[in-house]
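Heads up: the structure comes next, in structure tokens.
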Amino acid sequence: MAELIHPEEKIEIKTTVTKPITKIALIGNPNSGKSSLFNQLTGLNQKVGNFPGVTVDKKTGICHLNSHQKARIIDLPGTYSLYPKSLDEKVIIDLLYNQQSDLYPDLVIVTADASNLKRNLLLFTQLIDLQIPAVLALNMMDVAEKDGIKINMEQLQQDFGVPVIPVNARTGSGIAALKIVISQQLPVPNRTFYQIPADFSGLIKQIRQYFDLQTDYLAWHYAHQYKNLTFLSETDKNFLSDLLEPYQFSSNSLQASETINRYTLINELLLDSVRVEKADTNEKFSNRLDQVLTHKVWGYLIFFGVLFMMFQAIFAWATYPMDLIDEGITAINNFIQARFDGPLINLLTEGVIAGLGGILIFIPQIALLFAFIAILEETGYMARVTFMMDKIMRKFGLNGKSIVPLISGVACAVPAVMAARNIDNWKDRMITIFVTPLMSCSARIPVYTVLIALVVPEKYYLGFLNLQGIVLMGLYLLGFTAAVLSAWVMKLILKARERSYFIMEFPVYKMPRWKNVGLTIIEKVKAFVFEAGKVIIAISIILWVLASYGPGNRMAQAEQTVQQQAQQNNWTPEETSLHLSTQKLEASYAGLFGRAIEPVIRPLGFDWKIGIALLTSFAAREVFVGTISTIYSVGDEENIKTIKEKLLSEKDEHGQAFFTPARAFSLLIFYVFAMQCMSTLAVVYRETKSWKWPVMQLIYMSGLAYVCSLIVYQIFK
Amino acid sequence: MQKRKSVRDLRIGESGTICCLNDPEMSLKLLEMGCIPGTPVKLNSKAPLGDPITIIVNDYTLSLRLDEAATILLK
């Protein structure tokens with residue numbers, strides 16, 4: 001598949017030949033304003049890509065330092081120290097400890113929250129000890145000032161031996177000064193903060209010699225973390241483990257004493273440069289708000305209200321742009337089909353453009369969902385939701401953070417799976433991604449509506465409880481129950497790679513930064529369109545070929561037969577084309593496939609016609625209704641009543657009604673569980689970077705669907 | 001052996017001083033987050049279902065589960 005080259009990158013390639021571009025890594029604590037600073041520096045010149053050898057994707061961007069100088073900014077995951085605790089954070093050590101890496105930075109910008117300097121400086125002092133040129137960007141000075149914290153910049157700069165620039169990543173003030181400083185050739189810091197225990201000086205010397213490392217502290221990290229460094233060879237790792245053996249190197253306790261040591265030093269240094277004049281007010285305001293927002297009753301009610309609004313938005317507001325996109329695609333297809341003809345044009349319109357439409361139509365839902373999530377995240381409310389839900393979700397092997405993807409799954413599993421990125425524990429995230437597609441998404445609604453209308457009478461209880469509505473809700477509950485129970489089973493099977501913990505900073509409430517919200521939306525939509533889109537188009541094309549071609553001259557024969565019948569029965573051109581499409585579909589590879597799988601699906605009560613519908617609706621469940629109306633030659637596929645009548649009049653080989661309640665319920669249950677959505681599979685592949693997960697999902701969900709349908713049909717037939 | 005009081009045993013609004021951390025693996029994360037021996041800590045709030053909780057340490061709010069809070073022993 002062709003790679004997209006950004007114009008920015010082309011420029012970059014040219015400039016590397018003449019003058020190497022400065023590489024700047026951006027690093028800092030979570031909630032220190034790192035992403036805002038990244039957005040301020042790079043604006044729209046960002047792209048998301050994989051770091052070589054690492055399976056987590058990260059952002060890089062181009063920053064124009066001045067009219068003739070550019071820098072490449074590498075956004076690293078937020079972290080509290082250089083000893084990574086999660087999979088995501090391991091990216092940092094792979095980048096900073098490999099001096100041969102393409103992305104090895106010439107300079108690091110460390111962002112620190114000025115209102116919480118002590119904790120933020122831990123990471124900073126570790127970076128200084130690596131002796132990489134660094135700048136300290138002191139963010140949120142306004143908050144610090146309000147809290148009565150006075151910082152003596154000059155003293156701080158002197159104590160730490162690097163430039164300290166006060167910035168406001170929200171308003172952009174200080175960014176110009178920061179750009180000027182980073183465009184200079186900065187020296188390596190001239191001091192170190194941590195003295196490696198003398199017992200290990202021999203060890204450090206040997207590691208430095210073997211790997212040709214510039215600093216003791218880097219060698220120290222090799223000793224601690226060599227197992228996690230992906231760029232080291234097996235020989236290197238064996239060398240290190242042999243080297244460490246006589247030293248009784250206890251990584252945990254050494255790390256602990258290093259951390260305590262650093263904090264003690266930071267406390268001493270800050271005595272010189274920071275004065276606190278009055279108790280903080282911001283924290284108090286947040287605490288008062290929390291008394292309502294995480295209240296036993298109000299907390300859950302407010303959360304429920306927020307969710308309700310989110311679904312209203314996704315269901316109701318998104319319909320308008322979605323309809324526009326749908327109409328636009330149809331218009332383009334009609335325009336092309338009216339003027340051109342031939343198999344290539346059909347491939348273009350029915351395969352490629354139809355597939356493209358299937359991707360583009362999700363954009364409004366994805367954009368809206370991520371707008372909501374970004375705002376909840378930015379304001380700090382998401383941390384509270386997670387906090388409230390953690391205990392309930394933990395029982396099922398999920399995590400407080402799983403609630404967002406699960407609930408989004410009722411709208412559409414595609415953005416929901418993407419939302420699972422907020423979960424930092426690997427096991428919890430995988431379980432969440434795995435079970436999310438079991439939530440009944442909006443694409444199942446057309447299938448549910450047709451089949452419920454077919455077999456469930458329109459009865460009312462207590463004057464307002466509609467029986468059909470109750471069945472519909474039952475199907476949603478069935479999906480939810482299946483998701484939660486599957487999560488519970490997965491919890492028992494899946495081996496945890498990391499220990500699950502919930503130690504999390506509780507951010508103070510803030511106004512969302514709209515620029516960040518906007519950029520998040522653009523980034524998620526782009527990721528979906530380009531990454532998942534490639535796979536969706538490929539499968540659309542394959543499906544189109546299967547439905548349009550048949551072996552030998554079967555298609556031509558089908559056409560002949562229909563033409564003859566048309567003449568005999570005096571069919572109108574409309575009727576003729578209807579019968580033609582039915583006959584052709586039957587003769588196509590897809591039709592053959594339907595016949596071939598008939599023995600397999602017969603125990604569920606399905607025949608070959610439903611088999612074809614199952615196959616075509618693999619692309620997306622909505623296709624089921626369209627396919628059924630094609631197969632049963634219903635003229636107007638919009639009209640559910642016509643489809644219902646047609647299906648009711650369908651007879652089996654004994655002349656009995658084909659769609660018995662048992663058959664319809666079996667089909668309904670099948671659609672509740674079956675993984676019939678290649679967009680979801682594509683996005684799961686994208687998110688997990690491995691085919692293992694989507695394939696397992698496909699097998700598990702299809703298996704579950706098959707077994708449940710079988711039970712339903714065999715009991716009720 | 002006498003059982004030491006931990007952050008888990010604090011009541012809402014009550015403070016204490018961190019003495020030590022008794023879970024080697026978990027302690028690394030807690031130390032990085034500023035739960036250093038000698039630092040004052042206050043139990044700030046509990047989630048609606050009693051777990052997790054939030055504590056205030058080094059002037060910021062940290063949320064953690066009860067099991068994790070039990071590893072932070074007090075003086």
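Identifiers in this document derive from the order of the structure tokens: chains are assigned A, B, ..., residues are numbered from 1 separately in each chain, and ligands are numbered from 1 in order of occurrence.
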
*Long-range neighbours of Ser257 in chain A as a list in words, 12 Å cut-off, only C-alpha atoms, 2 positions minimum in chain*: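 Here the qualifying residues turn out to be Tyr194, Gln195, Ile196, Pro197, Ser250, Ser251, Asn252, Ser253, Leu254, Gln255, Thr259, Ile260, Asn261, Arg262, Tyr263 and Thr264 of chain A; Pro24, Ser27, Leu28, Leu31, Glu32, Ile36 and Pro37 of chain B.
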
*Mind listing as number ranges by chain which residues of chain A are within 8 Å of chain B, counting only C-alpha atoms?*
A: 80-81, 85, 116, 118-119, 122, 252-253, 255-256, 259-260, 263, 283, 294-296, 387-388, 390-391, 501-507

*Write out as a list in words which residues come within 9 Å of Ile109 in chain A when counting only C-alpha atoms, dropping same-chain ones fewer than 2 positions away.*
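Answer for this query is Ile24, Ala25, Leu26, Ile27, Gly28, Leu107, Thr111, Pro133, Ala134, Val135, Leu136, Ala137 and Ile182 of chain A.
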
Got time to write the residues from that selection, all heavy atoms, as a compact mmCIF listing (two decimals), in the first residue's frame?
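Wrote again_34.txt, looks like this:
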# COMPACT_ATOMS: atom_id res chain seq x y z
N ILE A 24 14.38 17.59 18.90
CA ILE A 24 14.09 18.01 20.27
C ILE A 24 13.05 17.08 20.87
O ILE A 24 11.99 16.88 20.29
CB ILE A 24 13.56 19.46 20.30
CG1 ILE A 24 14.63 20.41 19.73
CG2 ILE A 24 13.17 19.86 21.71
CD1 ILE A 24 14.18 21.83 19.60
N ALA A 25 13.37 16.48 22.00
CA ALA A 25 12.39 15.64 22.67
C ALA A 25 11.67 16.44 23.73
O ALA A 25 12.29 17.24 24.44
CB ALA A 25 13.07 14.43 23.29
N LEU A 26 10.36 16.27 23.80
CA LEU A 26 9.55 16.97 24.77
C LEU A 26 9.12 15.96 25.83
O LEU A 26 8.52 14.95 25.51
CB LEU A 26 8.33 17.55 24.05
CG LEU A 26 7.48 18.55 24.79
CD1 LEU A 26 8.30 19.76 25.20
CD2 LEU A 26 6.35 19.00 23.89
N ILE A 27 9.47 16.25 27.07
CA ILE A 27 9.22 15.25 28.11
C ILE A 27 8.72 15.96 29.36
O ILE A 27 9.02 17.14 29.57
CB ILE A 27 10.50 14.42 28.36
CG1 ILE A 27 10.22 13.20 29.23
CG2 ILE A 27 11.61 15.27 28.95
CD1 ILE A 27 11.36 12.20 29.22
N GLY A 28 7.91 15.27 30.15
CA GLY A 28 7.40 15.90 31.36
C GLY A 28 6.39 15.01 32.05
O GLY A 28 5.98 13.98 31.51
N LEU A 107 18.47 17.79 22.07
CA LEU A 107 18.06 18.67 23.16
C LEU A 107 16.77 18.11 23.74
O LEU A 107 15.95 17.55 23.01
CB LEU A 107 17.81 20.06 22.57
CG LEU A 107 17.22 21.14 23.46
CD1 LEU A 107 18.31 21.76 24.29
CD2 LEU A 107 16.56 22.21 22.61
N THR A 111 8.97 19.89 30.54
CA THR A 111 7.91 20.76 31.03
C THR A 111 7.68 20.45 32.50
O THR A 111 7.70 19.29 32.91
CB THR A 111 6.57 20.55 30.30
OG1 THR A 111 6.21 19.18 30.41
CG2 THR A 111 6.68 20.93 28.85
N PRO A 133 21.79 18.14 26.61
CA PRO A 133 21.42 19.56 26.74
C PRO A 133 19.92 19.69 27.00
O PRO A 133 19.12 19.02 26.35
CB PRO A 133 21.78 20.15 25.38
CG PRO A 133 22.85 19.25 24.85
CD PRO A 133 22.52 17.89 25.38
N ALA A 134 19.55 20.51 27.98
CA ALA A 134 18.14 20.58 28.36
C ALA A 134 17.70 22.00 28.67
O ALA A 134 18.51 22.88 28.98
CB ALA A 134 17.91 19.71 29.59
N VAL A 135 16.39 22.22 28.51
CA VAL A 135 15.75 23.47 28.88
C VAL A 135 14.60 23.11 29.81
O VAL A 135 13.90 22.13 29.56
CB VAL A 135 15.19 24.20 27.64
CG1 VAL A 135 14.46 25.46 28.04
CG2 VAL A 135 16.29 24.50 26.64
N LEU A 136 14.41 23.90 30.85
CA LEU A 136 13.28 23.66 31.73
C LEU A 136 12.19 24.69 31.39
O LEU A 136 12.40 25.88 31.52
CB LEU A 136 13.70 23.79 33.20
CG LEU A 136 12.61 23.58 34.24
CD1 LEU A 136 12.04 22.18 34.17
CD2 LEU A 136 13.15 23.85 35.64
N ALA A 137 11.05 24.19 30.87
CA ALA A 137 9.93 25.09 30.56
C ALA A 137 9.00 25.08 31.76
O ALA A 137 8.34 24.08 32.03
CB ALA A 137 9.21 24.63 29.31
N ILE A 182 15.97 27.53 22.37
CA ILE A 182 16.26 26.22 21.79
C ILE A 182 16.91 26.30 20.42
O ILE A 182 17.41 25.31 19.91
CB ILE A 182 15.02 25.28 21.75
CG1 ILE A 182 13.89 25.89 20.94
CG2 ILE A 182 14.58 24.90 23.14
CD1 ILE A 182 12.63 25.03 20.92

*Tell me, as a list in words, which residues lie within 8 Å of Gln337 in chain A, counting only C-alpha atoms; anything in the same chain fewer than 4 positions away does not count.*
Asn333, Asp341, Ile345, Asn346 and Thr349 of chain A

_Selection: 10 Å around Ala70 in chain B, only C-alpha atoms, excl. self and same-chain fewer than 2 positions, as number ranges by chain_ = B: 4-9, 21-23, 65-68, 72-74

_Can you pull out the residues contacting Ala682 in chain A? Cut-off 9 Å, using only C-alpha atoms, and skip same-chain residues under 5 positions away; I want them as a list in words._
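What passes the distance filter is Val414, Glu531, Ala532, Gly533, Lys534, Val535, Ile536, Cys677, Glu687 and Pro694 of chain A.
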
*asked:* as an MDAnalysis selection string, please: the residues near Ser101 in chain A (cut-off 12 Å, only C-alpha atoms, same-chain neighbours under 2 positions excluded).
replied: chainID A and resid 23 51:53 92:99 103:106 230:232
